[in-house]
>>> print(open('protein_9.txt').read())   # compact mmCIF, N, CA and C atoms
# COMPACT_ATOMS: atom_id res chain seq x y z
N LYS J 1 0.85 -1.18 0.00
CA LYS J 1 0.00 0.00 0.00
C LYS J 1 0.89 1.23 0.00
N ILE J 2 0.57 2.17 -0.85
CA ILE J 2 1.26 3.45 -0.94
C ILE J 2 0.23 4.51 -0.58
N ASN J 3 0.54 5.33 0.40
CA ASN J 3 -0.41 6.32 0.87
C ASN J 3 0.29 7.68 0.96
N PHE J 4 -0.32 8.73 0.38
CA PHE J 4 0.27 10.06 0.50
C PHE J 4 -0.83 11.11 0.51
N ASP J 5 -0.49 12.28 1.04
CA ASP J 5 -1.41 13.41 1.15
C ASP J 5 -0.89 14.58 0.33
N LEU J 6 -1.82 15.32 -0.25
CA LEU J 6 -1.49 16.57 -0.94
C LEU J 6 -2.25 17.70 -0.28
N THR J 7 -1.58 18.83 -0.09
CA THR J 7 -2.24 19.98 0.53
C THR J 7 -2.74 20.98 -0.52
N PHE J 8 -2.28 20.84 -1.78
CA PHE J 8 -2.74 21.71 -2.85
C PHE J 8 -2.66 20.96 -4.18
N LYS J 9 -3.33 21.46 -5.20
CA LYS J 9 -3.31 20.82 -6.51
C LYS J 9 -1.87 20.72 -7.00
N SER J 10 -1.47 19.51 -7.40
CA SER J 10 -0.07 19.27 -7.73
C SER J 10 0.07 18.34 -8.92
N GLU J 11 1.17 18.51 -9.62
CA GLU J 11 1.56 17.55 -10.65
C GLU J 11 2.30 16.42 -9.94
N VAL J 12 1.78 15.20 -10.05
CA VAL J 12 2.32 14.06 -9.31
C VAL J 12 2.78 12.98 -10.29
N LYS J 13 4.00 12.50 -10.07
CA LYS J 13 4.53 11.38 -10.84
C LYS J 13 5.13 10.39 -9.86
N ILE J 14 4.65 9.15 -9.90
CA ILE J 14 5.15 8.11 -9.01
C ILE J 14 5.63 6.96 -9.88
N GLU J 15 6.89 6.56 -9.68
CA GLU J 15 7.49 5.50 -10.48
C GLU J 15 8.16 4.47 -9.59
N LEU J 16 8.16 3.23 -10.05
CA LEU J 16 8.81 2.12 -9.34
C LEU J 16 9.98 1.63 -10.18
N PHE J 17 11.17 1.56 -9.55
CA PHE J 17 12.39 1.12 -10.22
C PHE J 17 12.95 -0.11 -9.52
N ASP J 18 13.65 -0.96 -10.28
CA ASP J 18 14.34 -2.09 -9.65
C ASP J 18 15.72 -1.63 -9.18
N ILE J 19 16.49 -2.55 -8.62
CA ILE J 19 17.79 -2.22 -8.03
C ILE J 19 18.79 -1.70 -9.06
N THR J 20 18.60 -2.05 -10.35
CA THR J 20 19.51 -1.59 -11.40
C THR J 20 19.11 -0.22 -11.95
N GLY J 21 17.98 0.33 -11.48
CA GLY J 21 17.52 1.62 -11.95
C GLY J 21 16.56 1.53 -13.13
N ARG J 22 16.18 0.33 -13.50
CA ARG J 22 15.24 0.13 -14.61
C ARG J 22 13.82 0.43 -14.15
N LEU J 23 13.09 1.22 -14.93
CA LEU J 23 11.71 1.56 -14.61
C LEU J 23 10.86 0.30 -14.74
N ILE J 24 10.18 -0.07 -13.65
CA ILE J 24 9.32 -1.24 -13.62
C ILE J 24 7.88 -0.85 -13.92
N LYS J 25 7.43 0.25 -13.31
CA LYS J 25 6.04 0.65 -13.48
C LYS J 25 5.87 2.13 -13.18
N GLU J 26 5.08 2.80 -14.02
CA GLU J 26 4.66 4.17 -13.72
C GLU J 26 3.30 4.06 -13.04
N ILE J 27 3.24 4.46 -11.78
CA ILE J 27 2.03 4.30 -10.97
C ILE J 27 1.08 5.46 -11.17
N GLU J 28 1.62 6.67 -11.26
CA GLU J 28 0.77 7.85 -11.41
C GLU J 28 1.54 8.89 -12.21
N ASN J 29 0.83 9.63 -13.05
CA ASN J 29 1.42 10.74 -13.80
C ASN J 29 0.29 11.68 -14.20
N SER J 30 -0.12 12.54 -13.26
CA SER J 30 -1.25 13.43 -13.52
C SER J 30 -1.28 14.57 -12.50
N PHE J 31 -2.20 15.50 -12.73
CA PHE J 31 -2.47 16.55 -11.75
C PHE J 31 -3.52 16.02 -10.79
N LEU J 32 -3.27 16.16 -9.49
CA LEU J 32 -4.20 15.68 -8.47
C LEU J 32 -4.63 16.84 -7.57
N LEU J 33 -5.86 16.76 -7.12
CA LEU J 33 -6.41 17.76 -6.20
C LEU J 33 -5.96 17.46 -4.77
N PRO J 34 -6.08 18.42 -3.85
CA PRO J 34 -5.71 18.16 -2.45
C PRO J 34 -6.51 17.00 -1.88
N GLY J 35 -5.85 16.20 -1.03
CA GLY J 35 -6.53 15.08 -0.39
C GLY J 35 -5.58 13.95 -0.07
N ASN J 36 -6.15 12.85 0.39
CA ASN J 36 -5.40 11.64 0.74
C ASN J 36 -5.56 10.64 -0.39
N TYR J 37 -4.45 10.06 -0.82
CA TYR J 37 -4.45 9.12 -1.94
C TYR J 37 -3.82 7.80 -1.55
N PRO J 38 -4.62 6.76 -1.40
CA PRO J 38 -4.06 5.42 -1.17
C PRO J 38 -3.99 4.66 -2.50
N TYR J 39 -2.85 4.03 -2.75
CA TYR J 39 -2.69 3.17 -3.92
C TYR J 39 -2.31 1.79 -3.42
N TYR J 40 -2.89 0.79 -4.03
CA TYR J 40 -2.57 -0.59 -3.68
C TYR J 40 -1.87 -1.23 -4.86
N GLN J 41 -0.68 -1.76 -4.62
CA GLN J 41 0.10 -2.38 -5.67
C GLN J 41 0.19 -3.88 -5.42
N ASN J 42 -0.29 -4.65 -6.35
CA ASN J 42 -0.19 -6.10 -6.27
C ASN J 42 1.22 -6.49 -6.71
N ALA J 43 2.00 -7.07 -5.80
CA ALA J 43 3.38 -7.44 -6.09
C ALA J 43 3.51 -8.90 -6.51
N GLU J 44 2.41 -9.49 -6.90
CA GLU J 44 2.39 -10.91 -7.27
C GLU J 44 3.39 -11.22 -8.39
N ASN J 45 3.54 -10.33 -9.35
CA ASN J 45 4.41 -10.59 -10.50
C ASN J 45 5.82 -10.05 -10.32
N PHE J 46 6.14 -9.52 -9.15
CA PHE J 46 7.47 -9.00 -8.88
C PHE J 46 8.29 -10.04 -8.14
N ASN J 47 9.59 -10.07 -8.42
CA ASN J 47 10.51 -10.95 -7.70
C ASN J 47 10.87 -10.33 -6.36
N SER J 48 11.29 -11.17 -5.43
CA SER J 48 11.82 -10.65 -4.17
C SER J 48 13.04 -9.80 -4.47
N GLY J 49 13.24 -8.74 -3.70
CA GLY J 49 14.40 -7.89 -3.93
C GLY J 49 14.16 -6.48 -3.44
N ILE J 50 15.07 -5.59 -3.84
CA ILE J 50 15.01 -4.19 -3.45
C ILE J 50 14.48 -3.37 -4.62
N TYR J 51 13.54 -2.50 -4.30
CA TYR J 51 12.94 -1.61 -5.30
C TYR J 51 12.98 -0.19 -4.76
N PHE J 52 12.86 0.77 -5.65
CA PHE J 52 12.85 2.18 -5.26
C PHE J 52 11.59 2.83 -5.82
N LEU J 53 10.92 3.56 -4.96
CA LEU J 53 9.71 4.28 -5.32
C LEU J 53 10.06 5.76 -5.36
N ARG J 54 9.91 6.39 -6.53
CA ARG J 54 10.24 7.80 -6.68
C ARG J 54 8.97 8.62 -6.80
N PHE J 55 8.82 9.57 -5.86
CA PHE J 55 7.68 10.50 -5.85
C PHE J 55 8.19 11.85 -6.37
N LYS J 56 7.54 12.36 -7.40
CA LYS J 56 7.83 13.71 -7.86
C LYS J 56 6.54 14.50 -7.74
N VAL J 57 6.54 15.51 -6.87
CA VAL J 57 5.39 16.38 -6.67
C VAL J 57 5.86 17.79 -7.03
N ASN J 58 5.31 18.30 -8.14
CA ASN J 58 5.78 19.56 -8.72
C ASN J 58 7.29 19.45 -8.95
N GLU J 59 8.12 20.21 -8.28
CA GLU J 59 9.57 20.17 -8.48
C GLU J 59 10.30 19.39 -7.38
N SER J 60 9.57 18.88 -6.41
CA SER J 60 10.17 18.14 -5.29
C SER J 60 10.21 16.64 -5.62
N ILE J 61 11.36 16.02 -5.35
CA ILE J 61 11.52 14.58 -5.62
C ILE J 61 11.97 13.89 -4.34
N ARG J 62 11.28 12.77 -4.01
CA ARG J 62 11.68 11.94 -2.86
C ARG J 62 11.73 10.49 -3.34
N THR J 63 12.68 9.75 -2.81
CA THR J 63 12.83 8.34 -3.18
C THR J 63 12.79 7.50 -1.91
N LYS J 64 12.02 6.42 -1.97
CA LYS J 64 11.90 5.50 -0.84
C LYS J 64 12.34 4.11 -1.28
N LYS J 65 13.08 3.43 -0.41
CA LYS J 65 13.50 2.07 -0.69
C LYS J 65 12.45 1.09 -0.18
N ILE J 66 12.15 0.09 -1.00
CA ILE J 66 11.19 -0.95 -0.64
C ILE J 66 11.89 -2.29 -0.74
N VAL J 67 11.77 -3.11 0.29
CA VAL J 67 12.30 -4.47 0.27
C VAL J 67 11.12 -5.42 0.18
N LEU J 68 11.10 -6.20 -0.90
CA LEU J 68 10.00 -7.16 -1.11
C LEU J 68 10.52 -8.56 -0.82
N ILE J 69 9.89 -9.21 0.15
CA ILE J 69 10.26 -10.57 0.52
C ILE J 69 9.04 -11.45 0.31
N LYS J 70 9.20 -12.48 -0.48
CA LYS J 70 8.09 -13.40 -0.73
C LYS J 70 8.33 -14.71 -0.02
>>> encode(input="protein_9.txt", output="structure tokens")
Amino acid sequence: KINFDLTFKSEVKIELFDITGRLIKEIENSFLLPGNYPYYQNAENFNSGIYFLRFKVNESIRTKKIVLIK
């Protein structure tokens, strides 16, 4: 589950990368209104390993590490 809040209308881009930096999935790429946004990602087709989730909101970028263990 990916959960985030926006306080104002923003351009949001959320991407998932594998450990080598290869783009696995673009989760979101749009303008969103203020509010709480939960996203559920089914990891059934992903291998165990380390992934990186990159959030870009307007000009701000944050990256989170995800460890998937099956």
>>> select_by_dssp(input="protein_9.txt", residues="chain J", states="strand (DSSP E)", output="PDB file with N, CA and C atoms, keeping the file's coordinate frame")
ATOM      1  N   ILE J   2       0.570   2.170  -0.850  1.00  0.00           N
ATOM      2  CA  ILE J   2       1.260   3.450  -0.940  1.00  0.00           C
ATOM      3  C   ILE J   2       0.230   4.510  -0.580  1.00  0.00           C
ATOM      4  N   ASN J   3       0.540   5.330   0.400  1.00  0.00           N
ATOM      5  CA  ASN J   3      -0.410   6.320   0.870  1.00  0.00           C
ATOM      6  C   ASN J   3       0.290   7.680   0.960  1.00  0.00           C
ATOM      7  N   PHE J   4      -0.320   8.730   0.380  1.00  0.00           N
ATOM      8  CA  PHE J   4       0.270  10.060   0.500  1.00  0.00           C
ATOM      9  C   PHE J   4      -0.830  11.110   0.510  1.00  0.00           C
ATOM     10  N   ASP J   5      -0.490  12.280   1.040  1.00  0.00           N
ATOM     11  CA  ASP J   5      -1.410  13.410   1.150  1.00  0.00           C
ATOM     12  C   ASP J   5      -0.890  14.580   0.330  1.00  0.00           C
ATOM     13  N   LEU J   6      -1.820  15.320  -0.250  1.00  0.00           N
ATOM     14  CA  LEU J   6      -1.490  16.570  -0.940  1.00  0.00           C
ATOM     15  C   LEU J   6      -2.250  17.700  -0.280  1.00  0.00           C
ATOM     16  N   SER J  10      -1.470  19.510  -7.400  1.00  0.00           N
ATOM     17  CA  SER J  10      -0.070  19.270  -7.730  1.00  0.00           C
ATOM     18  C   SER J  10       0.070  18.340  -8.920  1.00  0.00           C
ATOM     19  N   GLU J  11       1.170  18.510  -9.620  1.00  0.00           N
ATOM     20  CA  GLU J  11       1.560  17.550 -10.650  1.00  0.00           C
ATOM     21  C   GLU J  11       2.300  16.420  -9.940  1.00  0.00           C
ATOM     22  N   VAL J  12       1.780  15.200 -10.050  1.00  0.00           N
ATOM     23  CA  VAL J  12       2.320  14.060  -9.310  1.00  0.00           C
ATOM     24  C   VAL J  12       2.780  12.980 -10.290  1.00  0.00           C
ATOM     25  N   LYS J  13       4.000  12.500 -10.070  1.00  0.00           N
ATOM     26  CA  LYS J  13       4.530  11.380 -10.840  1.00  0.00           C
ATOM     27  C   LYS J  13       5.130  10.390  -9.860  1.00  0.00           C
ATOM     28  N   ILE J  14       4.650   9.150  -9.900  1.00  0.00           N
ATOM     29  CA  ILE J  14       5.150   8.110  -9.010  1.00  0.00           C
ATOM     30  C   ILE J  14       5.630   6.960  -9.880  1.00  0.00           C
ATOM     31  N   GLU J  15       6.890   6.560  -9.680  1.00  0.00           N
ATOM     32  CA  GLU J  15       7.490   5.500 -10.480  1.00  0.00           C
ATOM     33  C   GLU J  15       8.160   4.470  -9.590  1.00  0.00           C
ATOM     34  N   LEU J  16       8.160   3.230 -10.050  1.00  0.00           N
ATOM     35  CA  LEU J  16       8.810   2.120  -9.340  1.00  0.00           C
ATOM     36  C   LEU J  16       9.980   1.630 -10.180  1.00  0.00           C
ATOM     37  N   PHE J  17      11.170   1.560  -9.550  1.00  0.00           N
ATOM     38  CA  PHE J  17      12.390   1.120 -10.220  1.00  0.00           C
ATOM     39  C   PHE J  17      12.950  -0.110  -9.520  1.00  0.00           C
ATOM     40  N   ASP J  18      13.650  -0.960 -10.280  1.00  0.00           N
ATOM     41  CA  ASP J  18      14.340  -2.090  -9.650  1.00  0.00           C
ATOM     42  C   ASP J  18      15.720  -1.630  -9.180  1.00  0.00           C
ATOM     43  N   LEU J  23      13.090   1.220 -14.930  1.00  0.00           N
ATOM     44  CA  LEU J  23      11.710   1.560 -14.610  1.00  0.00           C
ATOM     45  C   LEU J  23      10.860   0.300 -14.740  1.00  0.00           C
ATOM     46  N   ILE J  24      10.180  -0.070 -13.650  1.00  0.00           N
ATOM     47  CA  ILE J  24       9.320  -1.240 -13.620  1.00  0.00           C
ATOM     48  C   ILE J  24       7.880  -0.850 -13.920  1.00  0.00           C
ATOM     49  N   LYS J  25       7.430   0.250 -13.310  1.00  0.00           N
ATOM     50  CA  LYS J  25       6.040   0.650 -13.480  1.00  0.00           C
ATOM     51  C   LYS J  25       5.870   2.130 -13.180  1.00  0.00           C
ATOM     52  N   GLU J  26       5.080   2.800 -14.020  1.00  0.00           N
ATOM     53  CA  GLU J  26       4.660   4.170 -13.720  1.00  0.00           C
ATOM     54  C   GLU J  26       3.300   4.060 -13.040  1.00  0.00           C
ATOM     55  N   ILE J  27       3.240   4.460 -11.780  1.00  0.00           N
ATOM     56  CA  ILE J  27       2.030   4.300 -10.970  1.00  0.00           C
ATOM     57  C   ILE J  27       1.080   5.460 -11.170  1.00  0.00           C
ATOM     58  N   GLU J  28       1.620   6.670 -11.260  1.00  0.00           N
ATOM     59  CA  GLU J  28       0.770   7.850 -11.410  1.00  0.00           C
ATOM     60  C   GLU J  28       1.540   8.890 -12.210  1.00  0.00           C
ATOM     61  N   ASN J  29       0.830   9.630 -13.050  1.00  0.00           N
ATOM     62  CA  ASN J  29       1.420  10.740 -13.800  1.00  0.00           C
ATOM     63  C   ASN J  29       0.290  11.680 -14.200  1.00  0.00           C
ATOM     64  N   SER J  30      -0.120  12.540 -13.260  1.00  0.00           N
ATOM     65  CA  SER J  30      -1.250  13.430 -13.520  1.00  0.00           C
ATOM     66  C   SER J  30      -1.280  14.570 -12.500  1.00  0.00           C
ATOM     67  N   PHE J  31      -2.200  15.500 -12.730  1.00  0.00           N
ATOM     68  CA  PHE J  31      -2.470  16.550 -11.750  1.00  0.00           C
ATOM     69  C   PHE J  31      -3.520  16.020 -10.790  1.00  0.00           C
ATOM     70  N   LEU J  32      -3.270  16.160  -9.490  1.00  0.00           N
ATOM     71  CA  LEU J  32      -4.200  15.680  -8.470  1.00  0.00           C
ATOM     72  C   LEU J  32      -4.630  16.840  -7.570  1.00  0.00           C
ATOM     73  N   GLY J  35      -5.850  16.200  -1.030  1.00  0.00           N
ATOM     74  CA  GLY J  35      -6.530  15.080  -0.390  1.00  0.00           C
ATOM     75  C   GLY J  35      -5.580  13.950  -0.070  1.00  0.00           C
ATOM     76  N   ASN J  36      -6.150  12.850   0.390  1.00  0.00           N
ATOM     77  CA  ASN J  36      -5.400  11.640   0.740  1.00  0.00           C
ATOM     78  C   ASN J  36      -5.560  10.640  -0.390  1.00  0.00           C
ATOM     79  N   TYR J  37      -4.450  10.060  -0.820  1.00  0.00           N
ATOM     80  CA  TYR J  37      -4.450   9.120  -1.940  1.00  0.00           C
ATOM     81  C   TYR J  37      -3.820   7.800  -1.550  1.00  0.00           C
ATOM     82  N   PRO J  38      -4.620   6.760  -1.400  1.00  0.00           N
ATOM     83  CA  PRO J  38      -4.060   5.420  -1.170  1.00  0.00           C
ATOM     84  C   PRO J  38      -3.990   4.660  -2.500  1.00  0.00           C
ATOM     85  N   TYR J  39      -2.850   4.030  -2.750  1.00  0.00           N
ATOM     86  CA  TYR J  39      -2.690   3.170  -3.920  1.00  0.00           C
ATOM     87  C   TYR J  39      -2.310   1.790  -3.420  1.00  0.00           C
ATOM     88  N   GLY J  49      13.240  -8.740  -3.700  1.00  0.00           N
ATOM     89  CA  GLY J  49      14.400  -7.890  -3.930  1.00  0.00           C
ATOM     90  C   GLY J  49      14.160  -6.480  -3.440  1.00  0.00           C
ATOM     91  N   ILE J  50      15.070  -5.590  -3.840  1.00  0.00           N
ATOM     92  CA  ILE J  50      15.010  -4.190  -3.450  1.00  0.00           C
ATOM     93  C   ILE J  50      14.480  -3.370  -4.620  1.00  0.00           C
ATOM     94  N   TYR J  51      13.540  -2.500  -4.300  1.00  0.00           N
ATOM     95  CA  TYR J  51      12.940  -1.610  -5.300  1.00  0.00           C
ATOM     96  C   TYR J  51      12.980  -0.190  -4.760  1.00  0.00           C
ATOM     97  N   PHE J  52      12.860   0.770  -5.650  1.00  0.00           N
ATOM     98  CA  PHE J  52      12.850   2.180  -5.260  1.00  0.00           C
ATOM     99  C   PHE J  52      11.590   2.830  -5.820  1.00  0.00           C
ATOM    100  N   LEU J  53      10.920   3.560  -4.960  1.00  0.00           N
ATOM    101  CA  LEU J  53       9.710   4.280  -5.320  1.00  0.00           C
ATOM    102  C   LEU J  53      10.060   5.760  -5.360  1.00  0.00           C
ATOM    103  N   ARG J  54       9.910   6.390  -6.530  1.00  0.00           N
ATOM    104  CA  ARG J  54      10.240   7.800  -6.680  1.00  0.00           C
ATOM    105  C   ARG J  54       8.970   8.620  -6.800  1.00  0.00           C
ATOM    106  N   PHE J  55       8.820   9.570  -5.860  1.00  0.00           N
ATOM    107  CA  PHE J  55       7.680  10.500  -5.850  1.00  0.00           C
ATOM    108  C   PHE J  55       8.190  11.850  -6.370  1.00  0.00           C
ATOM    109  N   LYS J  56       7.540  12.360  -7.400  1.00  0.00           N
ATOM    110  CA  LYS J  56       7.830  13.710  -7.860  1.00  0.00           C
ATOM    111  C   LYS J  56       6.540  14.500  -7.740  1.00  0.00           C
ATOM    112  N   VAL J  57       6.540  15.510  -6.870  1.00  0.00           N
ATOM    113  CA  VAL J  57       5.390  16.380  -6.670  1.00  0.00           C
ATOM    114  C   VAL J  57       5.860  17.790  -7.030  1.00  0.00           C
ATOM    115  N   SER J  60       9.570  18.880  -6.410  1.00  0.00           N
ATOM    116  CA  SER J  60      10.170  18.140  -5.290  1.00  0.00           C
ATOM    117  C   SER J  60      10.210  16.640  -5.620  1.00  0.00           C
ATOM    118  N   ILE J  61      11.360  16.020  -5.350  1.00  0.00           N
ATOM    119  CA  ILE J  61      11.520  14.580  -5.620  1.00  0.00           C
ATOM    120  C   ILE J  61      11.970  13.890  -4.340  1.00  0.00           C
ATOM    121  N   ARG J  62      11.280  12.770  -4.010  1.00  0.00           N
ATOM    122  CA  ARG J  62      11.680  11.940  -2.860  1.00  0.00           C
ATOM    123  C   ARG J  62      11.730  10.490  -3.340  1.00  0.00           C
ATOM    124  N   THR J  63      12.680   9.750  -2.810  1.00  0.00           N
ATOM    125  CA  THR J  63      12.830   8.340  -3.180  1.00  0.00           C
ATOM    126  C   THR J  63      12.790   7.500  -1.910  1.00  0.00           C
ATOM    127  N   LYS J  64      12.020   6.420  -1.970  1.00  0.00           N
ATOM    128  CA  LYS J  64      11.900   5.500  -0.840  1.00  0.00           C
ATOM    129  C   LYS J  64      12.340   4.110  -1.280  1.00  0.00           C
ATOM    130  N   LYS J  65      13.080   3.430  -0.410  1.00  0.00           N
ATOM    131  CA  LYS J  65      13.500   2.070  -0.690  1.00  0.00           C
ATOM    132  C   LYS J  65      12.450   1.090  -0.180  1.00  0.00           C
ATOM    133  N   ILE J  66      12.150   0.090  -1.000  1.00  0.00           N
ATOM    134  CA  ILE J  66      11.190  -0.950  -0.640  1.00  0.00           C
ATOM    135  C   ILE J  66      11.890  -2.290  -0.740  1.00  0.00           C
ATOM    136  N   VAL J  67      11.770  -3.110   0.290  1.00  0.00           N
ATOM    137  CA  VAL J  67      12.300  -4.470   0.270  1.00  0.00           C
ATOM    138  C   VAL J  67      11.120  -5.420   0.180  1.00  0.00           C
ATOM    139  N   LEU J  68      11.100  -6.200  -0.900  1.00  0.00           N
ATOM    140  CA  LEU J  68      10.000  -7.160  -1.110  1.00  0.00           C
ATOM    141  C   LEU J  68      10.520  -8.560  -0.820  1.00  0.00           C
TER     142      LEU J  68
END
>>> closest_residue(input="protein_9.txt", among="J:Phe46, J:Phe31, J:Phe52, J:Tyr40", to="Glu11 of chain J", atoms="only C-alpha atoms")
J:Phe31
>>> atom_distance(input="protein_9.txt", atom1="atom CA of Gly49 of chain J", atom2="atom CA of Ser30 of chain J")
28.1 Å
>>> closest_residue(input="protein_9.txt", among="J:Leu33, J:Asn42, J:Ile50, J:Val67", to="Ser10 of chain J", atoms="only N, CA and C atoms")
J:Leu33
>>> closest_residue(input="protein_9.txt", among="J:Ile27, J:Leu6, J:Ile19, J:Leu68", to="Ser48 of chain J", atoms="only N, CA and C atoms")
J:Leu68
>>> closest_residue(input="protein_9.txt", among="J:Lys56, J:Asp5, J:Ile69, J:Lys64", to="Pro34 of chain J", atoms="all atoms listed in the file")
J:Asp5
>>> closest_residue(input="protein_9.txt", among="J:Lys25, J:Lys1, J:Gln41, J:Lys65", to="Leu53 of chain J", atoms="all atoms listed in the file")
J:Lys65
>>> atom_distance(input="protein_9.txt", atom1="atom N of Tyr39 of chain J", atom2="atom CA of Ile61 of chain J")
18.1 Å
>>> closest_residue(input="protein_9.txt", among="J:Ile2, J:Val57, J:Ile66, J:Val12", to="Glu28 of chain J", atoms="all atoms listed in the file")
J:Val12
>>> atom_distance(input="protein_9.txt", atom1="atom CA of Ile24 of chain J", atom2="atom C of Thr7 of chain J")
28.5 Å
>>> decode(input="protein_9.txt", residues="segment 24-45 of chain J", atoms="N, CA and C atoms", output="PDB file, in the first residue's frame")
ATOM      1  N   ILE J  24      10.184  -0.067 -13.649  1.00  0.00           N
ATOM      2  CA  ILE J  24       9.321  -1.240 -13.625  1.00  0.00           C
ATOM      3  C   ILE J  24       7.876  -0.855 -13.918  1.00  0.00           C
ATOM      4  N   LYS J  25       7.431   0.250 -13.309  1.00  0.00           N
ATOM      5  CA  LYS J  25       6.038   0.647 -13.479  1.00  0.00           C
ATOM      6  C   LYS J  25       5.870   2.129 -13.182  1.00  0.00           C
ATOM      7  N   GLU J  26       5.080   2.796 -14.019  1.00  0.00           N
ATOM      8  CA  GLU J  26       4.662   4.165 -13.723  1.00  0.00           C
ATOM      9  C   GLU J  26       3.302   4.057 -13.042  1.00  0.00           C
ATOM     10  N   ILE J  27       3.239   4.458 -11.777  1.00  0.00           N
ATOM     11  CA  ILE J  27       2.034   4.299 -10.971  1.00  0.00           C
ATOM     12  C   ILE J  27       1.076   5.463 -11.168  1.00  0.00           C
ATOM     13  N   GLU J  28       1.616   6.666 -11.261  1.00  0.00           N
ATOM     14  CA  GLU J  28       0.773   7.853 -11.411  1.00  0.00           C
ATOM     15  C   GLU J  28       1.541   8.893 -12.214  1.00  0.00           C
ATOM     16  N   ASN J  29       0.826   9.634 -13.053  1.00  0.00           N
ATOM     17  CA  ASN J  29       1.417  10.742 -13.796  1.00  0.00           C
ATOM     18  C   ASN J  29       0.291  11.680 -14.197  1.00  0.00           C
ATOM     19  N   SER J  30      -0.125  12.544 -13.256  1.00  0.00           N
ATOM     20  CA  SER J  30      -1.247  13.430 -13.520  1.00  0.00           C
ATOM     21  C   SER J  30      -1.281  14.569 -12.504  1.00  0.00           C
ATOM     22  N   PHE J  31      -2.202  15.505 -12.733  1.00  0.00           N
ATOM     23  CA  PHE J  31      -2.470  16.553 -11.753  1.00  0.00           C
ATOM     24  C   PHE J  31      -3.524  16.015 -10.788  1.00  0.00           C
ATOM     25  N   LEU J  32      -3.271  16.164  -9.487  1.00  0.00           N
ATOM     26  CA  LEU J  32      -4.204  15.682  -8.473  1.00  0.00           C
ATOM     27  C   LEU J  32      -4.625  16.836  -7.573  1.00  0.00           C
ATOM     28  N   LEU J  33      -5.858  16.765  -7.122  1.00  0.00           N
ATOM     29  CA  LEU J  33      -6.408  17.760  -6.201  1.00  0.00           C
ATOM     30  C   LEU J  33      -5.958  17.458  -4.769  1.00  0.00           C
ATOM     31  N   PRO J  34      -6.076  18.425  -3.846  1.00  0.00           N
ATOM     32  CA  PRO J  34      -5.706  18.160  -2.453  1.00  0.00           C
ATOM     33  C   PRO J  34      -6.510  16.995  -1.883  1.00  0.00           C
ATOM     34  N   GLY J  35      -5.855  16.200  -1.029  1.00  0.00           N
ATOM     35  CA  GLY J  35      -6.533  15.079  -0.393  1.00  0.00           C
ATOM     36  C   GLY J  35      -5.584  13.955  -0.072  1.00  0.00           C
ATOM     37  N   ASN J  36      -6.150  12.849   0.386  1.00  0.00           N
ATOM     38  CA  ASN J  36      -5.404  11.639   0.740  1.00  0.00           C
ATOM     39  C   ASN J  36      -5.560  10.642  -0.394  1.00  0.00           C
ATOM     40  N   TYR J  37      -4.445  10.059  -0.821  1.00  0.00           N
ATOM     41  CA  TYR J  37      -4.452   9.123  -1.941  1.00  0.00           C
ATOM     42  C   TYR J  37      -3.815   7.800  -1.548  1.00  0.00           C
ATOM     43  N   PRO J  38      -4.618   6.755  -1.396  1.00  0.00           N
ATOM     44  CA  PRO J  38      -4.058   5.419  -1.170  1.00  0.00           C
ATOM     45  C   PRO J  38      -3.986   4.661  -2.499  1.00  0.00           C
ATOM     46  N   TYR J  39      -2.854   4.031  -2.748  1.00  0.00           N
ATOM     47  CA  TYR J  39      -2.690   3.172  -3.918  1.00  0.00           C
ATOM     48  C   TYR J  39      -2.306   1.791  -3.418  1.00  0.00           C
ATOM     49  N   TYR J  40      -2.888   0.788  -4.029  1.00  0.00           N
ATOM     50  CA  TYR J  40      -2.571  -0.593  -3.675  1.00  0.00           C
ATOM     51  C   TYR J  40      -1.866  -1.226  -4.857  1.00  0.00           C
ATOM     52  N   GLN J  41      -0.677  -1.762  -4.619  1.00  0.00           N
ATOM     53  CA  GLN J  41       0.105  -2.382  -5.673  1.00  0.00           C
ATOM     54  C   GLN J  41       0.193  -3.882  -5.418  1.00  0.00           C
ATOM     55  N   ASN J  42      -0.291  -4.654  -6.354  1.00  0.00           N
ATOM     56  CA  ASN J  42      -0.188  -6.105  -6.274  1.00  0.00           C
ATOM     57  C   ASN J  42       1.224  -6.489  -6.708  1.00  0.00           C
ATOM     58  N   ALA J  43       1.999  -7.072  -5.805  1.00  0.00           N
ATOM     59  CA  ALA J  43       3.384  -7.438  -6.087  1.00  0.00           C
ATOM     60  C   ALA J  43       3.512  -8.900  -6.511  1.00  0.00           C
ATOM     61  N   GLU J  44       2.412  -9.494  -6.898  1.00  0.00           N
ATOM     62  CA  GLU J  44       2.393 -10.906  -7.271  1.00  0.00           C
ATOM     63  C   GLU J  44       3.386 -11.225  -8.393  1.00  0.00           C
ATOM     64  N   ASN J  45       3.537 -10.329  -9.354  1.00  0.00           N
ATOM     65  CA  ASN J  45       4.411 -10.593 -10.504  1.00  0.00           C
ATOM     66  C   ASN J  45       5.825 -10.052 -10.323  1.00  0.00           C
TER      67      ASN J  45
END
